[in-house]
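Below is the file model-v4.cif, which contains mmCIF, C-alpha atoms.
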data_target
#
loop_
_atom_site.group_PDB
_atom_site.id
_atom_site.type_symbol
_atom_site.label_atom_id
_atom_site.label_comp_id
_atom_site.auth_asym_id
_atom_site.auth_seq_id
_atom_site.Cartn_x
_atom_site.Cartn_y
_atom_site.Cartn_z
ATOM 1 C CA MET A 610 0.000 0.000 0.000
ATOM 2 C CA ARG A 611 1.336 3.395 -0.902
ATOM 3 C CA ASN A 612 2.351 5.404 2.144
ATOM 4 C CA ALA A 613 4.106 8.375 0.543
ATOM 5 C CA ILE A 614 2.198 11.596 -0.026
ATOM 6 C CA PRO A 615 1.618 11.914 -3.795
ATOM 7 C CA SER A 616 4.233 14.068 -5.482
ATOM 8 C CA GLU A 617 3.878 16.593 -8.268
ATOM 9 C CA PRO A 618 4.777 13.896 -10.851
ATOM 10 C CA ASP A 619 2.023 11.676 -9.379
ATOM 11 C CA TRP A 620 -0.474 14.477 -9.868
ATOM 12 C CA ARG A 621 0.775 15.053 -13.436
ATOM 13 C CA SER A 622 0.866 11.355 -14.349
ATOM 14 C CA GLU A 623 -2.399 11.569 -16.296
ATOM 15 C CA PRO A 624 -4.121 14.246 -18.361
ATOM 16 C CA TRP A 625 -6.252 16.483 -16.176
ATOM 17 C CA ASN A 626 -9.977 16.837 -16.663
ATOM 18 C CA LEU A 627 -11.945 19.852 -15.432
ATOM 19 C CA ASP A 628 -12.217 18.469 -11.881
ATOM 20 C CA VAL A 629 -8.572 17.704 -11.159
ATOM 21 C CA PRO A 630 -7.414 21.291 -10.445
ATOM 22 C CA GLN A 631 -9.845 21.475 -7.533
ATOM 23 C CA ALA A 632 -8.696 18.091 -6.221
ATOM 24 C CA TYR A 633 -5.102 19.268 -6.513
ATOM 25 C CA GLU A 634 -5.901 22.483 -4.644
ATOM 26 C CA HIS A 635 -7.609 20.575 -1.835
ATOM 27 C CA PHE A 636 -5.274 17.590 -1.480
ATOM 28 C CA PHE A 637 -1.804 18.344 -2.864
ATOM 29 C CA GLY A 638 0.821 17.878 -0.152
ATOM 30 C CA LYS A 639 -1.671 16.655 2.451
ATOM 31 C CA SER A 640 -0.946 13.637 4.604
ATOM 32 C CA ARG A 641 -3.580 10.953 5.127
ATOM 33 C CA LYS A 642 -4.294 12.398 8.560
ATOM 34 C CA GLU A 643 -4.834 15.856 7.079
ATOM 35 C CA ALA A 644 -7.031 14.360 4.360
ATOM 36 C CA VAL A 645 -9.178 12.587 6.958
ATOM 37 C CA GLU A 646 -9.864 15.984 8.493
ATOM 38 C CA LEU A 647 -11.151 17.199 5.131
ATOM 39 C CA PHE A 648 -13.669 14.351 5.113
ATOM 40 C CA VAL A 649 -14.654 15.095 8.700
ATOM 41 C CA ASP A 650 -15.264 18.696 7.674
ATOM 42 C CA ASN A 651 -17.273 17.979 4.513
ATOM 43 C CA ALA A 652 -17.076 14.502 3.007
ATOM 44 C CA LEU A 653 -19.670 15.290 0.367
ATOM 45 C CA LEU A 654 -17.477 18.043 -1.066
ATOM 46 C CA TYR A 655 -14.192 16.156 -0.975
ATOM 47 C CA GLN A 656 -15.506 12.842 -2.296
ATOM 48 C CA GLU A 657 -15.764 14.517 -5.703
ATOM 49 C CA ASP A 658 -12.038 15.143 -5.612
ATOM 50 C CA ILE A 659 -11.385 11.474 -4.888
ATOM 51 C CA MET A 660 -13.591 10.522 -7.822
ATOM 52 C CA PHE A 661 -11.544 12.450 -10.371
ATOM 53 C CA MET A 662 -7.917 12.641 -9.194
ATOM 54 C CA PRO A 663 -5.166 10.689 -11.003
ATOM 55 C CA ALA A 664 -4.917 7.008 -10.060
ATOM 56 C CA ALA A 665 -1.655 7.350 -8.116
ATOM 57 C CA CYS A 666 -3.228 10.057 -5.962
ATOM 58 C CA PHE A 667 -6.536 8.220 -5.712
ATOM 59 C CA ARG A 668 -4.845 5.124 -4.287
ATOM 60 C CA TYR A 669 -3.325 7.214 -1.523
ATOM 61 C CA TYR A 670 -6.230 9.501 -0.649
ATOM 62 C CA VAL A 671 -8.980 6.888 -0.863
ATOM 63 C CA GLN A 672 -7.289 5.418 2.204
ATOM 64 C CA ALA A 673 -8.129 8.623 4.093
ATOM 65 C CA TYR A 674 -11.746 8.244 2.992
ATOM 66 C CA VAL A 675 -11.687 4.656 4.287
ATOM 67 C CA ASP A 676 -10.120 5.847 7.556
ATOM 68 C CA TYR A 677 -12.937 8.366 7.938
ATOM 69 C CA LEU A 678 -15.730 5.901 7.174
ATOM 70 C CA MET A 679 -14.264 3.344 9.571
ATOM 71 C CA SER A 680 -14.079 5.915 12.373
ATOM 72 C CA ALA A 681 -16.730 6.952 14.875
ATOM 73 C CA ARG A 682 -16.522 10.432 13.387
ATOM 74 C CA SER A 683 -18.520 9.300 10.347
ATOM 75 C CA ALA A 684 -21.635 8.365 12.356
ATOM 76 C CA GLY A 685 -24.688 9.742 10.606
ATOM 77 C CA ASP A 686 -22.821 10.748 7.438
ATOM 78 C CA SER A 687 -25.179 9.113 4.973
ATOM 79 C CA ASP A 688 -23.847 11.042 1.985
ATOM 80 C CA ALA A 689 -20.241 10.026 2.652
ATOM 81 C CA ALA A 690 -21.248 6.385 2.962
ATOM 82 C CA SER A 691 -23.338 6.373 -0.203
ATOM 83 C CA CYS A 692 -20.805 8.324 -2.234
ATOM 84 C CA PHE A 693 -18.080 5.863 -1.293
ATOM 85 C CA LEU A 694 -20.078 3.089 -2.934
ATOM 86 C CA SER A 695 -20.302 5.161 -6.114
ATOM 87 C CA ILE A 696 -16.571 5.871 -6.042
ATOM 88 C CA VAL A 697 -15.773 2.170 -5.770
ATOM 89 C CA GLU A 698 -17.972 1.488 -8.773
ATOM 90 C CA VAL A 699 -16.428 4.217 -10.908
ATOM 91 C CA ARG A 700 -12.804 3.694 -9.806
ATOM 92 C CA ARG A 701 -12.925 -0.118 -9.667
ATOM 93 C CA ASP A 702 -10.106 -0.485 -12.200
ATOM 94 C CA ASP A 703 -7.866 1.562 -9.896
ATOM 95 C CA LEU A 704 -8.653 -0.812 -7.023
ATOM 96 C CA ARG A 705 -8.573 -4.177 -8.768
ATOM 97 C CA GLY A 706 -5.355 -6.143 -8.769
ATOM 98 C CA VAL A 707 -3.131 -3.176 -7.978
ATOM 99 C CA ASN A 708 -2.631 -3.535 -4.262
ATOM 100 C CA ASP A 709 -4.044 -6.377 -2.190
ATOM 101 C CA GLN A 710 -3.838 -4.413 1.060
ATOM 102 C CA LEU A 711 -5.728 -1.442 -0.376
ATOM 103 C CA ALA A 712 -8.351 -3.730 -1.919
ATOM 104 C CA GLN A 713 -8.783 -5.455 1.449
ATOM 105 C CA ARG A 714 -9.292 -2.116 3.219
ATOM 106 C CA VAL A 715 -11.932 -1.216 0.648
ATOM 107 C CA ARG A 716 -13.637 -4.585 1.124
ATOM 108 C CA ASP A 717 -13.578 -3.988 4.903
ATOM 109 C CA VAL A 718 -15.311 -0.640 4.592
ATOM 110 C CA LEU A 719 -17.820 -2.099 2.138
ATOM 111 C CA ALA A 720 -18.650 -4.794 4.688
ATOM 112 C CA ARG A 721 -19.114 -2.134 7.348
ATOM 113 C CA LEU A 722 -21.370 -0.072 5.095
ATOM 114 C CA ALA A 723 -23.473 -3.134 4.268
ATOM 115 C CA ALA A 724 -23.810 -4.133 7.920
ATOM 116 C CA SER A 725 -24.236 -0.642 9.377
ATOM 117 C CA GLN A 726 -26.397 1.340 6.976
ATOM 118 C CA SER A 727 -28.557 2.629 9.832
ATOM 119 C CA TRP A 728 -25.453 3.762 11.769
ATOM 120 C CA TYR A 729 -24.710 6.095 8.859
ATOM 121 C CA GLU A 730 -28.393 7.176 8.937
ATOM 122 C CA ALA A 731 -28.705 6.278 5.268
ATOM 123 C CA ALA A 732 -32.375 5.583 4.636
ATOM 124 C CA GLN A 733 -32.875 2.819 2.077
ATOM 125 C CA ALA A 734 -35.665 4.816 0.447
ATOM 126 C CA ILE A 735 -33.116 7.514 -0.397
ATOM 127 C CA TYR A 736 -29.786 5.688 -0.728
ATOM 128 C CA GLY A 737 -30.844 2.189 -1.713
ATOM 129 C CA ASP A 738 -29.804 -0.982 0.070
ATOM 130 C CA PHE A 739 -26.095 -0.815 0.946
ATOM 131 C CA GLY A 740 -26.022 -4.595 1.277
ATOM 132 C CA ALA A 741 -27.264 -5.100 -2.271
ATOM 133 C CA ARG A 742 -25.003 -2.347 -3.610
ATOM 134 C CA THR A 743 -21.997 -3.895 -1.889
ATOM 135 C CA THR A 744 -22.827 -7.369 -3.190
ATOM 136 C CA ALA A 745 -22.802 -5.949 -6.707
ATOM 137 C CA LEU A 746 -19.502 -4.109 -6.137
ATOM 138 C CA LEU A 747 -17.366 -6.862 -4.614
ATOM 139 C CA PRO A 748 -16.864 -8.855 -7.832
ATOM 140 C CA LEU A 749 -15.765 -5.642 -9.583
ATOM 141 C CA ILE A 750 -12.759 -5.124 -7.322
ATOM 142 C CA THR A 751 -11.527 -8.689 -6.828
#
Rewritten as structure tokens:
Amino acid sequence: MRNAIPSEPDWRSEPWNLDVPQAYEHFFGKSRKEAVELFVDNALLYQEDIMFMPAACFRYYVQAYVDYLMSARSAGDSDAASCFLSIVEVRRDDLRGVNDQLAQRVRDVLARLAASQSWYEAAQAIYGDFGARTTALLPLIT
């Protein structure tokens, strides 16, 4: 699992789309601990950055998102929980087969989301069934 803060070359390793400059502004140079604090502050805002940043940066900063969702500080954060499921679906190629430890951490948070949907206060009528969503996602990242 990557433990080094993404460098400038990591950020420039892929062509940028319209969303990457904002991700760069928010995350460049931040440690995982600092990134967790961003999610504590406003996970809904910063999850967009995770969705669109270059793969090398994604693999580092998604760990901060996992850290947040696995912490008590994420209680009641339905949007963060639901958005994580969407990120896994969209970024599945960046999770599959690249790093077993990272993939396992993602599977762990998916299991928590599936088992604890009410803890995140994510009403099924609004967010769907996390268990069913997770069941559909697991084969995509293994």
Could you tell me which of A:Ile750, A:Ala724, A:Leu627, A:Leu653 comes closest to Asp688 (chain A) if we count all atoms listed in the file? A:Leu653
Starting from the shown file, work through the PyMOL selection byres ((chain A and resi 680-683) around 10) and note down what comes out as a ChimeraX atom specification. /A:645-646,648-649,652,674-679,684-687,689-690,728-729
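Counting only C-alpha atoms, the residue from A:Ala731, A:Ile659, A:Leu694, A:Ala720 that sits nearest to Ala632 (chain A) is A:Ile659.
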Assuming the chain letters and numbering stay as they are in my file, what does the PyMOL selection byres ((chain A and resi 619-625) around 10) actually select? List them as an NGL selection string. :A and (614-618 or 626-630 or 632-633 or 637 or 661-667)
Using CA of Gln733 (chain A) and CA of Arg668 (chain A) as the two end points, give the distance in Å to one decimal. 28.8 Å
Contacts of Val697 (chain A) at 12 Å or less, counting all atoms listed in the file, minus same-chain residues fewer than 2 places along, as a VMD selection string? chain A and resid 656 659 to 660 667 to 668 671 674 to 675 690 to 695 699 to 705 711 to 712 714 to 716 718 to 719 742 to 743 745 to 751
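For the pair CA of Phe739 (chain A) and CA of Asp717 (chain A), the interatomic distance is 13.5 Å.
Relative to CA of Ser727 (chain A), CA of Glu698 (chain A) is found at 21.4 Å.
Taking all atoms listed in the file into account, Ser640 (chain A) lies nearest to A:Tyr670 out of the set A:Ser725, A:Tyr670, A:Asp658, A:Ile735.
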Kindly provide, as lines of an AutoDock Vina configuration file, the centre and edge lengths (Å, one decimal) of an axis-aligned box around all atoms of region 621-640 of chain A given in the file, with 3 Å on each side.
center_x = -5.7
center_y = 16.9
center_z = -6.9
size_x = 19.1
size_y = 17.1
size_z = 29.0
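Among the candidates A:Ala613, A:Ile696, A:Leu654, A:Ala734, the residue lying nearest to Gln631 (chain A) is A:Leu654 (atoms considered: only C-alpha atoms).
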